[in-house]
Amino acid sequence: MDALTLASLDHLEEVPRVYRRETLQTEYGEAFVYVLQRMPRGARRCRSGCWKGSE
């Protein structure tokens with residue numbers, strides 16, 4: 001992945017304010033994972049686990 005694409009993804013995921021990016025080694029190679037550091041202001045937890053439907 002090129003640096004511009006990675007920077008765009010970081011911006012989308014609000015790194016480092018909301019998420020942090022970590023690198024994991026998998027059997028298929030390197031993977032980027034975004035880890036939630038804190039809930040964004042005004043966000044609500046989705047109790048059902050289904051973000052597409054209503055709670």
# chains A, B, ... in the order shown; residues from 1 in each chain; ligands from 1
$ select_by_dssp --residues "chain A" --states "strand (DSSP E or B)" --output "PyMOL selection string"
chain A and resi 19-26+29-36
$ closest_residue --among "A:Gly42, A:Ser8, A:Lys52, A:Gln37" --to "Glu22 (chain A)" --atoms "only C-alpha atoms"
A:Gln37
$ residues_around --residues "Thr23 (chain A)" --least-positions-apart "6" --cutoff "8 Å" --atoms "only C-alpha atoms" --output "PyMOL selection string"
chain A and resi 30-33
$ atom_distance --atom1 "CA of Glu14 (chain A)" --atom2 "CA of Ser48 (chain A)"
24.5 Å
$ closest_residue --among "A:Trp51, A:Arg45, A:Met39, A:Tyr34" --to "His11 (chain A)" --atoms "only C-alpha atoms"
A:Tyr34
$ residues_around --residues "Pro40 (chain A)" --least-positions-apart "5" --cutoff "10 Å" --atoms "only C-alpha atoms" --output "JSON, numbers by chain"
{"A": [14, 17, 18, 19]}
$ write_last_selection --atoms "N, CA, C and O atoms" --output "JSON list (two decimals), in the first residue's frame"
[["chain", "number", "residue", "atom", "x", "y", "z"],
["A", 14, "GLU", "N", -9.65, 8.61, 11.67],
["A", 14, "GLU", "CA", -9.35, 9.63, 12.68],
["A", 14, "GLU", "C", -8.18, 9.23, 13.59],
["A", 14, "GLU", "O", -8.23, 9.36, 14.81],
["A", 17, "ARG", "N", -6.65, 10.35, 16.99],
["A", 17, "ARG", "CA", -7.64, 10.82, 17.97],
["A", 17, "ARG", "C", -8.61, 9.73, 18.40],
["A", 17, "ARG", "O", -8.87, 9.56, 19.59],
["A", 18, "VAL", "N", -9.16, 8.97, 17.45],
["A", 18, "VAL", "CA", -10.17, 7.96, 17.79],
["A", 18, "VAL", "C", -9.58, 6.55, 17.70],
["A", 18, "VAL", "O", -9.78, 5.73, 18.58],
["A", 19, "TYR", "N", -8.86, 6.27, 16.63],
["A", 19, "TYR", "CA", -8.26, 4.95, 16.43],
["A", 19, "TYR", "C", -6.75, 5.06, 16.39],
["A", 19, "TYR", "O", -6.20, 6.14, 16.15]]
$ atom_distance --atom1 "CA of Val35 (chain A)" --atom2 "CA of Leu12 (chain A)"
13.2 Å
